[in-house]
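K.L.:
Structure file entry19.pdb (PDB, C-alpha atoms and all ligand atoms) is given on the next line.
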MODEL        1
ATOM      1  CA  MET Z  10      -9.819  -2.101  -3.796
ATOM      2  CA  ARG Z  11     -12.848   0.138  -4.032
ATOM      3  CA  LEU Z  12     -15.207   0.313  -6.972
ATOM      4  CA  ARG Z  13     -17.229   3.450  -6.507
ATOM      5  CA  ASN Z  14     -20.831   4.242  -7.270
ATOM      6  CA  ILE Z  15     -22.080   0.984  -8.653
ATOM      7  CA  PRO Z  16     -25.816   1.514  -8.997
ATOM      8  CA  GLY Z  17     -27.836  -1.096  -7.117
ATOM      9  CA  ALA Z  18     -24.841  -2.582  -5.239
ATOM     10  CA  ASP Z  19     -26.265  -1.812  -1.774
ATOM     11  CA  GLU Z  20     -29.659  -3.275  -2.682
ATOM     12  CA  THR Z  21     -28.224  -6.422  -4.279
ATOM     13  CA  VAL Z  22     -25.914  -7.089  -1.339
ATOM     14  CA  GLY Z  23     -28.666  -6.221   1.164
ATOM     15  CA  ASN Z  24     -31.060  -8.712  -0.427
ATOM     16  CA  SER Z  25     -28.683 -11.539  -1.265
ATOM     17  CA  ARG Z  26     -29.416 -14.914   0.300
ATOM     18  CA  TRP Z  27     -25.665 -15.517   0.477
ATOM     19  CA  VAL Z  28     -24.922 -12.392   2.525
ATOM     20  CA  ILE Z  29     -25.708 -12.679   6.229
ATOM     21  CA  GLN Z  30     -27.617  -9.567   7.273
ATOM     22  CA  GLU Z  31     -27.465  -8.330  10.904
ATOM     23  CA  PRO Z  32     -24.653 -10.794  11.597
ATOM     24  CA  GLU Z  33     -24.418  -9.931  15.327
ATOM     25  CA  VAL Z  34     -27.609 -11.964  15.784
ATOM     26  CA  TRP Z  35     -25.684 -15.099  14.820
ATOM     27  CA  LYS Z  36     -22.836 -14.683  17.292
ATOM     28  CA  GLY Z  37     -22.247 -18.108  18.840
ATOM     29  CA  ARG Z  38     -24.809 -19.656  16.461
ATOM     30  CA  TRP Z  39     -22.953 -19.992  13.159
ATOM     31  CA  ARG Z  40     -23.547 -23.742  13.193
ATOM     32  CA  GLU Z  41     -27.253 -22.959  12.697
ATOM     33  CA  ILE Z  42     -26.486 -21.013   9.519
ATOM     34  CA  PHE Z  43     -24.489 -23.866   8.011
ATOM     35  CA  GLY Z  44     -26.608 -26.636   9.530
ATOM     36  CA  ASN Z  45     -23.581 -28.571  10.753
ATOM     37  CA  ASP Z  46     -20.658 -28.496  13.216
ATOM     38  CA  ASN Z  47     -17.890 -28.253  10.629
ATOM     39  CA  PRO Z  48     -14.985 -25.877  11.327
ATOM     40  CA  VAL Z  49     -15.427 -22.240  10.292
ATOM     41  CA  HIS Z  50     -12.687 -20.517   8.269
ATOM     42  CA  ILE Z  51     -12.940 -16.854   7.298
ATOM     43  CA  GLU Z  52     -11.181 -14.652   4.756
ATOM     44  CA  VAL Z  53     -10.913 -11.028   5.858
ATOM     45  CA  GLY Z  54     -10.765  -8.616   2.909
ATOM     46  CA  MET Z  55     -11.808 -11.146   0.275
ATOM     47  CA  GLY Z  56     -12.210  -8.637  -2.572
ATOM     48  CA  LYS Z  57     -14.095 -10.297  -5.435
ATOM     49  CA  GLY Z  58     -13.911 -13.659  -3.686
ATOM     50  CA  GLN Z  59     -11.928 -15.896  -6.032
ATOM     51  CA  PHE Z  60      -9.878 -17.473  -3.207
ATOM     52  CA  VAL Z  61     -12.685 -18.170  -0.742
ATOM     53  CA  THR Z  62     -14.958 -19.530  -3.481
ATOM     54  CA  GLU Z  63     -12.362 -21.968  -4.730
ATOM     55  CA  MET Z  64     -11.525 -23.024  -1.163
ATOM     56  CA  ALA Z  65     -15.200 -23.716  -0.451
ATOM     57  CA  LEU Z  66     -15.486 -25.862  -3.581
ATOM     58  CA  LEU Z  67     -12.288 -27.767  -2.748
ATOM     59  CA  HIS Z  68     -13.148 -28.323   0.930
ATOM     60  CA  PRO Z  69     -16.852 -29.086   1.363
ATOM     61  CA  GLY Z  70     -16.236 -30.226   4.964
ATOM     62  CA  ILE Z  71     -15.219 -26.708   6.015
ATOM     63  CA  ASN Z  72     -17.578 -23.758   6.385
ATOM     64  CA  TYR Z  73     -16.293 -20.524   4.838
ATOM     65  CA  VAL Z  74     -17.242 -16.909   5.464
ATOM     66  CA  GLY Z  75     -15.873 -14.300   3.051
ATOM     67  CA  ILE Z  76     -15.676 -10.795   4.503
ATOM     68  CA  GLU Z  77     -15.555  -7.606   2.446
ATOM     69  CA  ARG Z  78     -16.500  -4.147   3.602
ATOM     70  CA  TYR Z  79     -17.538  -2.547   0.295
ATOM     71  CA  THR Z  80     -20.800  -3.498  -1.391
ATOM     72  CA  SER Z  81     -19.349  -2.444  -4.767
ATOM     73  CA  VAL Z  82     -16.649  -5.136  -4.413
ATOM     74  CA  LEU Z  83     -18.805  -7.845  -2.826
ATOM     75  CA  LEU Z  84     -21.281  -7.355  -5.677
ATOM     76  CA  ARG Z  85     -18.688  -8.803  -8.072
ATOM     77  CA  ALA Z  86     -18.472 -11.991  -6.000
ATOM     78  CA  LEU Z  87     -22.266 -12.280  -6.002
ATOM     79  CA  GLN Z  88     -22.459 -11.804  -9.771
ATOM     80  CA  LYS Z  89     -19.911 -14.567 -10.367
ATOM     81  CA  ARG Z  90     -21.684 -16.860  -7.921
ATOM     82  CA  GLU Z  91     -24.991 -16.475  -9.784
ATOM     83  CA  LYS Z  92     -23.451 -18.471 -12.628
ATOM     84  CA  MET Z  93     -22.091 -21.237 -10.404
ATOM     85  CA  GLU Z  94     -23.411 -24.411  -8.826
ATOM     86  CA  GLU Z  95     -24.797 -24.220  -5.270
ATOM     87  CA  ILE Z  96     -22.027 -23.794  -2.672
ATOM     88  CA  PRO Z  97     -23.721 -24.619   0.651
ATOM     89  CA  ASN Z  98     -20.561 -24.038   2.726
ATOM     90  CA  LEU Z  99     -19.965 -20.394   1.738
ATOM     91  CA  TYR Z 100     -21.556 -17.191   3.025
ATOM     92  CA  TYR Z 101     -20.448 -13.568   2.963
ATOM     93  CA  LEU Z 102     -20.451 -10.633   5.341
ATOM     94  CA  CYS Z 103     -20.388  -6.993   4.261
ATOM     95  CA  ILE Z 104     -18.789  -5.488   7.363
ATOM     96  CA  ASP Z 105     -15.690  -3.732   8.608
ATOM     97  CA  ALA Z 106     -13.521  -6.457  10.133
ATOM     98  CA  ARG Z 107     -13.129  -4.315  13.260
ATOM     99  CA  ASP Z 108     -16.553  -5.698  14.219
ATOM    100  CA  LEU Z 109     -15.494  -9.370  14.127
ATOM    101  CA  PRO Z 110     -15.682  -9.891  17.922
ATOM    102  CA  ASP Z 111     -19.345  -8.758  17.834
ATOM    103  CA  ILE Z 112     -20.125 -11.360  15.176
ATOM    104  CA  PHE Z 113     -18.233 -14.478  16.214
ATOM    105  CA  GLU Z 114     -18.101 -15.973  19.707
ATOM    106  CA  ALA Z 115     -14.820 -16.950  21.365
ATOM    107  CA  ASN Z 116     -13.580 -20.236  19.842
ATOM    108  CA  GLU Z 117     -16.047 -20.071  16.949
ATOM    109  CA  VAL Z 118     -13.432 -19.686  14.172
ATOM    110  CA  GLU Z 119     -10.629 -22.121  13.379
ATOM    111  CA  LYS Z 120      -8.679 -20.210  10.738
ATOM    112  CA  ILE Z 121      -8.414 -16.686   9.364
ATOM    113  CA  TYR Z 122      -7.013 -15.900   5.917
ATOM    114  CA  LEU Z 123      -5.594 -12.480   5.075
ATOM    115  CA  ASN Z 124      -4.680 -12.175   1.422
ATOM    116  CA  PHE Z 125      -2.962  -9.128  -0.076
ATOM    117  CA  SER Z 126      -4.331  -6.836   2.604
ATOM    118  CA  ASP Z 127      -4.256  -3.093   1.936
ATOM    119  CA  PRO Z 128      -0.813  -1.772   3.035
ATOM    120  CA  TRP Z 129      -1.917   1.581   4.526
ATOM    121  CA  PRO Z 130       1.650   2.923   4.096
ATOM    122  CA  LYS Z 131       1.362   5.965   6.386
ATOM    123  CA  ASP Z 132       2.462   5.290   9.974
ATOM    124  CA  ARG Z 133      -0.601   6.997  11.377
ATOM    125  CA  HIS Z 134      -2.780   4.421   9.581
ATOM    126  CA  ALA Z 135      -0.913   1.367  10.916
ATOM    127  CA  LYS Z 136      -3.918   0.381  13.053
ATOM    128  CA  ARG Z 137      -5.961  -0.113   9.881
ATOM    129  CA  ARG Z 138      -3.620  -2.793   8.528
ATOM    130  CA  LEU Z 139      -5.320  -6.158   8.828
ATOM    131  CA  PRO Z 140      -2.227  -7.894  10.300
ATOM    132  CA  SER Z 141      -1.667  -5.112  12.891
ATOM    133  CA  ARG Z 142      -1.597  -5.887  16.621
ATOM    134  CA  GLU Z 143      -5.018  -4.223  16.951
ATOM    135  CA  PHE Z 144      -6.500  -6.654  14.445
ATOM    136  CA  LEU Z 145      -4.545  -9.616  15.880
ATOM    137  CA  SER Z 146      -6.185  -8.913  19.203
ATOM    138  CA  ARG Z 147      -9.627  -9.019  17.521
ATOM    139  CA  TYR Z 148      -8.729 -12.315  15.832
ATOM    140  CA  ASP Z 149      -7.541 -13.642  19.180
ATOM    141  CA  LYS Z 150     -11.031 -13.056  20.594
ATOM    142  CA  ILE Z 151     -12.742 -15.322  18.064
ATOM    143  CA  LEU Z 152     -10.163 -18.013  17.267
ATOM    144  CA  LYS Z 153     -10.090 -21.462  18.793
ATOM    145  CA  GLU Z 154      -7.102 -22.606  20.811
ATOM    146  CA  ASN Z 155      -4.336 -23.261  18.266
ATOM    147  CA  GLY Z 156      -6.381 -21.390  15.656
ATOM    148  CA  LYS Z 157      -4.290 -19.929  12.859
ATOM    149  CA  VAL Z 158      -3.918 -16.800  10.763
ATOM    150  CA  GLU Z 159      -2.486 -17.296   7.274
ATOM    151  CA  PHE Z 160      -1.219 -14.161   5.552
ATOM    152  CA  LYS Z 161      -0.017 -13.770   1.949
ATOM    153  CA  THR Z 162       1.232 -10.605   0.267
ATOM    154  CA  ASP Z 163       3.800  -9.365  -2.229
ATOM    155  CA  ASN Z 164       4.381  -6.249  -0.110
ATOM    156  CA  ARG Z 165       7.667  -6.819   1.714
ATOM    157  CA  GLY Z 166       7.208  -3.860   4.071
ATOM    158  CA  LEU Z 167       3.741  -4.998   5.133
ATOM    159  CA  PHE Z 168       4.992  -8.564   5.542
ATOM    160  CA  GLU Z 169       7.866  -7.511   7.793
ATOM    161  CA  PHE Z 170       5.448  -5.336   9.767
ATOM    162  CA  ALA Z 171       3.154  -8.375  10.207
ATOM    163  CA  LEU Z 172       6.038 -10.546  11.434
ATOM    164  CA  GLU Z 173       6.948  -7.877  13.987
ATOM    165  CA  GLU Z 174       3.356  -7.387  15.139
ATOM    166  CA  ALA Z 175       2.876 -11.141  15.591
ATOM    167  CA  LYS Z 176       6.064 -11.348  17.648
ATOM    168  CA  GLU Z 177       5.107  -8.355  19.802
ATOM    169  CA  SER Z 178       1.642  -9.848  20.374
ATOM    170  CA  GLU Z 179       3.185 -13.204  21.309
ATOM    171  CA  TRP Z 180       1.763 -15.266  18.496
ATOM    172  CA  GLU Z 181       3.693 -18.353  17.461
ATOM    173  CA  LEU Z 182       5.318 -18.186  14.012
ATOM    174  CA  GLU Z 183       4.630 -21.617  12.543
ATOM    175  CA  THR Z 184       6.035 -21.100   9.087
ATOM    176  CA  CYS Z 185       7.230 -18.309   6.847
ATOM    177  CA  THR Z 186       8.573 -17.863   3.322
ATOM    178  CA  PHE Z 187       9.575 -14.840   1.285
ATOM    179  CA  ASP Z 188       9.086 -16.748  -1.961
ATOM    180  CA  LEU Z 189       6.014 -18.937  -1.730
ATOM    181  CA  HIS Z 190       5.862 -19.825  -5.410
ATOM    182  CA  HIS Z 191       9.317 -21.420  -5.219
ATOM    183  CA  ASN Z 192       8.620 -23.269  -1.969
ATOM    184  CA  GLU Z 193       7.342 -26.692  -2.979
ATOM    185  CA  GLU Z 194       6.143 -27.696   0.481
ATOM    186  CA  MET Z 195       4.202 -24.491   1.170
ATOM    187  CA  MET Z 196       2.735 -24.454  -2.341
ATOM    188  CA  GLN Z 197       0.893 -27.712  -1.716
ATOM    189  CA  GLY Z 198      -2.821 -26.896  -1.809
ATOM    190  CA  ASN Z 199      -2.132 -23.212  -2.550
ATOM    191  CA  VAL Z 200      -5.149 -21.428  -4.015
ATOM    192  CA  MET Z 201      -4.348 -18.225  -5.862
ATOM    193  CA  THR Z 202      -6.160 -14.984  -5.125
ATOM    194  CA  GLU Z 203      -6.875 -12.339  -7.785
ATOM    195  CA  TYR Z 204      -4.017 -10.182  -6.499
ATOM    196  CA  GLU Z 205      -1.675 -13.149  -6.247
ATOM    197  CA  GLU Z 206      -2.239 -13.942  -9.933
ATOM    198  CA  LYS Z 207      -1.703 -10.330 -10.923
ATOM    199  CA  PHE Z 208       1.455  -9.709  -8.903
ATOM    200  CA  SER Z 209       3.116 -13.076  -9.467
ATOM    201  CA  GLU Z 210       2.634 -12.623 -13.238
ATOM    202  CA  ARG Z 211       4.655  -9.406 -12.868
ATOM    203  CA  GLY Z 212       7.429 -11.433 -11.244
ATOM    204  CA  ASN Z 213       6.880 -10.182  -7.679
ATOM    205  CA  PRO Z 214       7.809 -12.790  -5.050
ATOM    206  CA  ILE Z 215       4.879 -13.746  -2.827
ATOM    207  CA  HIS Z 216       5.448 -13.895   0.922
ATOM    208  CA  LYS Z 217       3.471 -16.124   3.266
ATOM    209  CA  MET Z 218       3.374 -16.637   7.016
ATOM    210  CA  ILE Z 219       1.244 -18.812   9.267
ATOM    211  CA  ILE Z 220       0.921 -17.811  12.899
ATOM    212  CA  SER Z 221      -1.009 -19.505  15.656
ATOM    213  CA  ARG Z 222      -2.644 -18.224  18.735
ATOM    214  CA  LYS Z 223      -0.611 -18.801  21.887
ATOM    215  CA  LYS Z 224      -2.793 -19.493  24.941
TER     216      LYS Z 224
HETATM  217  N1  LIG I   1      -7.987 -10.786  -0.921
HETATM  218  C1  LIG I   1      -8.177 -10.327  -2.283
HETATM  219  C2  LIG I   1      -7.033 -10.771  -3.154
HETATM  220  O1  LIG I   1      -6.006 -11.198  -2.613
HETATM  221  O2  LIG I   1      -7.175 -10.728  -4.378
HETATM  222  C3  LIG I   1      -8.404  -8.795  -2.335
HETATM  223  C4  LIG I   1      -7.253  -7.935  -1.900
HETATM  224  S1  LIG I   1      -7.668  -6.200  -1.826
HETATM  225  C5  LIG I   1      -6.131  -5.428  -1.924
HETATM  226  C6  LIG I   1      -8.078  -6.000  -0.115
HETATM  227  C7  LIG I   1      -9.560  -6.030   0.172
HETATM  228  O3  LIG I   1      -9.751  -5.980   1.581
HETATM  229  C8  LIG I   1     -10.322  -4.847  -0.396
HETATM  230  O4  LIG I   1     -11.392  -5.305  -1.195
HETATM  231  C9  LIG I   1     -10.801  -4.076   0.824
HETATM  232  O5  LIG I   1     -12.040  -3.428   0.623
HETATM  233  C10 LIG I   1     -10.878  -5.169   1.876
HETATM  234  N2  LIG I   1     -10.715  -4.660   3.249
HETATM  235  C11 LIG I   1      -9.723  -3.866   3.686
HETATM  236  N3  LIG I   1      -9.891  -3.556   4.990
HETATM  237  C12 LIG I   1     -11.026  -4.202   5.386
HETATM  238  C13 LIG I   1     -11.736  -4.268   6.619
HETATM  239  N4  LIG I   1     -11.310  -3.594   7.692
HETATM  240  N5  LIG I   1     -12.850  -5.023   6.676
HETATM  241  C14 LIG I   1     -13.293  -5.698   5.581
HETATM  242  N6  LIG I   1     -12.673  -5.651   4.376
HETATM  243  C15 LIG I   1     -11.552  -4.911   4.274
ENDMDL
END
Before we go any further, please render this structure as structure tokens.
P.N.:
Amino acid sequence: MRLRNIPGADETVGNSRWVIQEPEVWKGRWREIFGNDNPVHIEVGMGKGQFVTEMALLHPGINYVGIERYTSVLLRALQKREKMEEIPNLYYLCIDARDLPDIFEANEVEKIYLNFSDPWPKDRHAKRRLPSREFLSRYDKILKENGKVEFKTDNRGLFEFALEEAKESEWELETCTFDLHHNEEMMQGNVMTEYEEKFSERGNPIHKMIISRKK
């Protein structure tokens, strides 16, 4: 998702009190940002932020960081948040997720959500896919022992690629379904993302896997 040329997006994102600027400074010190020791969960590629916002409202005892690389997209999340109540357990980062190990210390993150990540269908772009082994290795650097990655998508090819990458990288497959919306157990507590709403309305089955970090 990329919304081009939105006037003022860079300035609004750069000045927002909800967007952490120069995030490398906070590596190992995220508890100071939130003012507590609660677990930190991040969504990589949050888009307009519907999922991470709802999660933060539902789970006030967890600290959330929504990550989106384009200011034009993050701007939409900020605009929606303006109209909402205070959400003290939610901040955003406008970064490329490749930089995650410069921003979070080892063991600083408990869970990573990847929702409807861009498929990058060409083989030569496989390294850009957020569930690729290159990204798994970055997640491995910041996750706690037994930390988890939860991945949802309607893209069967990307999902199968993610399963293979997790296996090759020796992550533990905890659970997996090719039809989340008809899996009563895995649907418990499910929060829909913008893309999940759109694609499930079209009748596309939603796939979900949870993998954990083997140590
Ligand atoms: N998660 C949302 C959902 O399910 O509705 C949005 C899905 S959208 C297809 C994927 C988003 O991930 C885009 O907004 C894109 O800009 C962002 N993204 C892709 N690669 C990224 C990266 N390396 N770092 C940060 N954000 C990224």
K.L.:
Under the PyMOL selection byres (((not hetatm)) within 7 of (chain I and resi 1)), which residues of this model are included? Write them out as a short mmCIF file (atom, residue, chain, number, x, y, z; two decimals) with C-alpha atoms, in the frame of the given file.
P.N.:
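Writing the result to part15.cif gives the following:
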data_model
loop_
_atom_site.label_atom_id
_atom_site.label_comp_id
_atom_site.auth_asym_id
_atom_site.auth_seq_id
_atom_site.Cartn_x
_atom_site.Cartn_y
_atom_site.Cartn_z
CA MET Z 10 -9.82 -2.10 -3.80
CA ARG Z 11 -12.85 0.14 -4.03
CA VAL Z 53 -10.91 -11.03 5.86
CA GLY Z 54 -10.76 -8.62 2.91
CA MET Z 55 -11.81 -11.15 0.28
CA GLY Z 56 -12.21 -8.64 -2.57
CA LYS Z 57 -14.10 -10.30 -5.44
CA GLY Z 58 -13.91 -13.66 -3.69
CA ILE Z 76 -15.68 -10.80 4.50
CA GLU Z 77 -15.56 -7.61 2.45
CA ARG Z 78 -16.50 -4.15 3.60
CA TYR Z 79 -17.54 -2.55 0.30
CA VAL Z 82 -16.65 -5.14 -4.41
CA ILE Z 104 -18.79 -5.49 7.36
CA ASP Z 105 -15.69 -3.73 8.61
CA ALA Z 106 -13.52 -6.46 10.13
CA ARG Z 107 -13.13 -4.32 13.26
CA LEU Z 123 -5.59 -12.48 5.08
CA ASN Z 124 -4.68 -12.18 1.42
CA PHE Z 125 -2.96 -9.13 -0.08
CA SER Z 126 -4.33 -6.84 2.60
CA ASP Z 127 -4.26 -3.09 1.94
CA ARG Z 137 -5.96 -0.11 9.88
CA LEU Z 139 -5.32 -6.16 8.83
CA THR Z 202 -6.16 -14.98 -5.12
CA GLU Z 203 -6.88 -12.34 -7.78
CA TYR Z 204 -4.02 -10.18 -6.50
CA GLU Z 205 -1.68 -13.15 -6.25
#
K.L.:
Rounded to one decimal in Å, what is the spacing between CA of Ile51 in chain Z and CA of Ile96 in chain Z?
P.N.:
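It comes out at 15.2 Å.
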K.L.:
With all atoms listed in the file as the basis for distance, which of Z:Arg138, Z:Lys176, Z:Arg165, Z:His216 is at the shortest distance from His190 in chain Z?
P.N.:
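Ranked by minimum distance to His190 in chain Z, first place goes to Z:His216.
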K.L.:
To one decimal place in Å, what is the distance between CA of Asn14 in chain Z and CA of Leu83 in chain Z?
P.N.:
13.0 Å
K.L.:
Can you pull out the residues contacting Val22 in chain Z? Cut-off 10 Å, using all atoms listed in the file, and skip same-chain residues under 3 positions away; I want them as an MDAnalysis selection string.
P.N.:
chainID Z and resid 17:19 25:30 79:84 87 101:103
K.L.:
One decimal, in Å: what's the spacing between CA of Glu154 in chain Z and CA of Leu189 in chain Z?
P.N.:
26.3 Å
K.L.:
Pick the closest to Leu152 in chain Z from Z:Pro48, Z:Ala175, Z:Arg133, Z:Arg90: which is it, counting all atoms listed in the file?
P.N.:
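Under the stated criterion, the closest residue is Z:Pro48.
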K.L.:
Identify which of the residues Z:Ser209, Z:Ser141, Z:Asn155, Z:Asn192 lies closest to Leu167 in chain Z, counting all atoms listed in the file when measuring atom-to-atom distances.
P.N.:
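Going through Z:Ser209, Z:Ser141, Z:Asn155, Z:Asn192 one by one, the smallest distance to Leu167 in chain Z is for Z:Ser141.
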K.L.:
Output the residue selection produced by the PyMOL selection byres (((chain Z and resi 116) around 8) and not hetatm) on the file above, formatted as an mmCIF file with C-alpha atoms, keeping the file's coordinate frame.
P.N.:
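Written output follows (part-v3.cif):
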data_model
loop_
_atom_site.group_PDB
_atom_site.id
_atom_site.type_symbol
_atom_site.label_atom_id
_atom_site.label_comp_id
_atom_site.auth_asym_id
_atom_site.auth_seq_id
_atom_site.Cartn_x
_atom_site.Cartn_y
_atom_site.Cartn_z
ATOM 1 C CA GLU Z 114 -18.101 -15.973 19.707
ATOM 2 C CA ALA Z 115 -14.820 -16.950 21.365
ATOM 3 C CA GLU Z 117 -16.047 -20.071 16.949
ATOM 4 C CA VAL Z 118 -13.432 -19.686 14.172
ATOM 5 C CA GLU Z 119 -10.629 -22.121 13.379
ATOM 6 C CA LYS Z 150 -11.031 -13.056 20.594
ATOM 7 C CA ILE Z 151 -12.742 -15.322 18.064
ATOM 8 C CA LEU Z 152 -10.163 -18.013 17.267
ATOM 9 C CA LYS Z 153 -10.090 -21.462 18.793
ATOM 10 C CA GLU Z 154 -7.102 -22.606 20.811
#
K.L.:
Give the answer as one residue: which of Z:Arg40, Z:His68, Z:His50, Z:Lys157 has the shortest atom-to-atom distance to Gly198 in chain Z, using only C-alpha atoms?
P.N.:
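Smallest distance to Gly198 in chain Z is found for Z:His68.
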K.L.:
Determine the nearest neighbour of Val61 in chain Z from the options Z:Thr162, Z:Val74, Z:Lys92, Z:Ser221, counting all atoms listed in the file.
P.N.:
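That would be Z:Val74, the residue with the smallest distance to Val61 in chain Z.
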K.L.:
Would you pick out the contacts of Cys185 in chain Z at 12 Å or less, using only C-alpha atoms, so that residues sharing its chain but fewer than 4 positions from it are not included, and give the list as a list in words?
P.N.:
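The residues that qualify are Val158, Glu159, Phe160, Lys161, Thr162, Phe168, Glu169, Ala171, Leu172, Glu181, Leu189, Asn192, Glu194, Met195, Met196, Ile215, His216, Lys217, Met218, Ile219 and Ile220 of chain Z.
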K.L.:
The PyMOL selection byres (((chain Z and resi 45) around 12) and not hetatm) - which residues does that actually catch in the file I just gave you? List them as a list in words.
P.N.:
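Taken on the displayed file, the PyMOL selection byres (((chain Z and resi 45) around 12) and not hetatm) yields the residues Arg38, Trp39, Arg40, Glu41, Ile42, Phe43, Gly44, Asp46, Asn47, Pro48, Val49, Pro69, Gly70, Ile71, Asn72, Pro97 and Asn98 of chain Z.
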K.L.:
Counting all atoms listed in the file, figure out which residue out of Z:Pro214, Z:Ala86, Z:Glu174, Z:Gly23 gets nearest to Arg142 in chain Z.
P.N.:
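That would be Z:Glu174, the residue with the smallest distance to Arg142 in chain Z.
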K.L.:
At most 6 Å from (-21.6, -10.5, 10.4), file frame, all atoms listed in the file: which residues, as a list of chain:residue names?
P.N.:
Z:Pro32, Z:Glu33, Z:Leu102, Z:Ile112
K.L.:
Neighbouring residues of range 143-149 of chain Z were defined as those with any atom within 7 Å, considering all atoms listed in the file; residues of the same chain fewer than 4 positions away were excluded. Please report them as a VMD selection string.
P.N.:
chain Z and resid 109 to 110 136 139 222
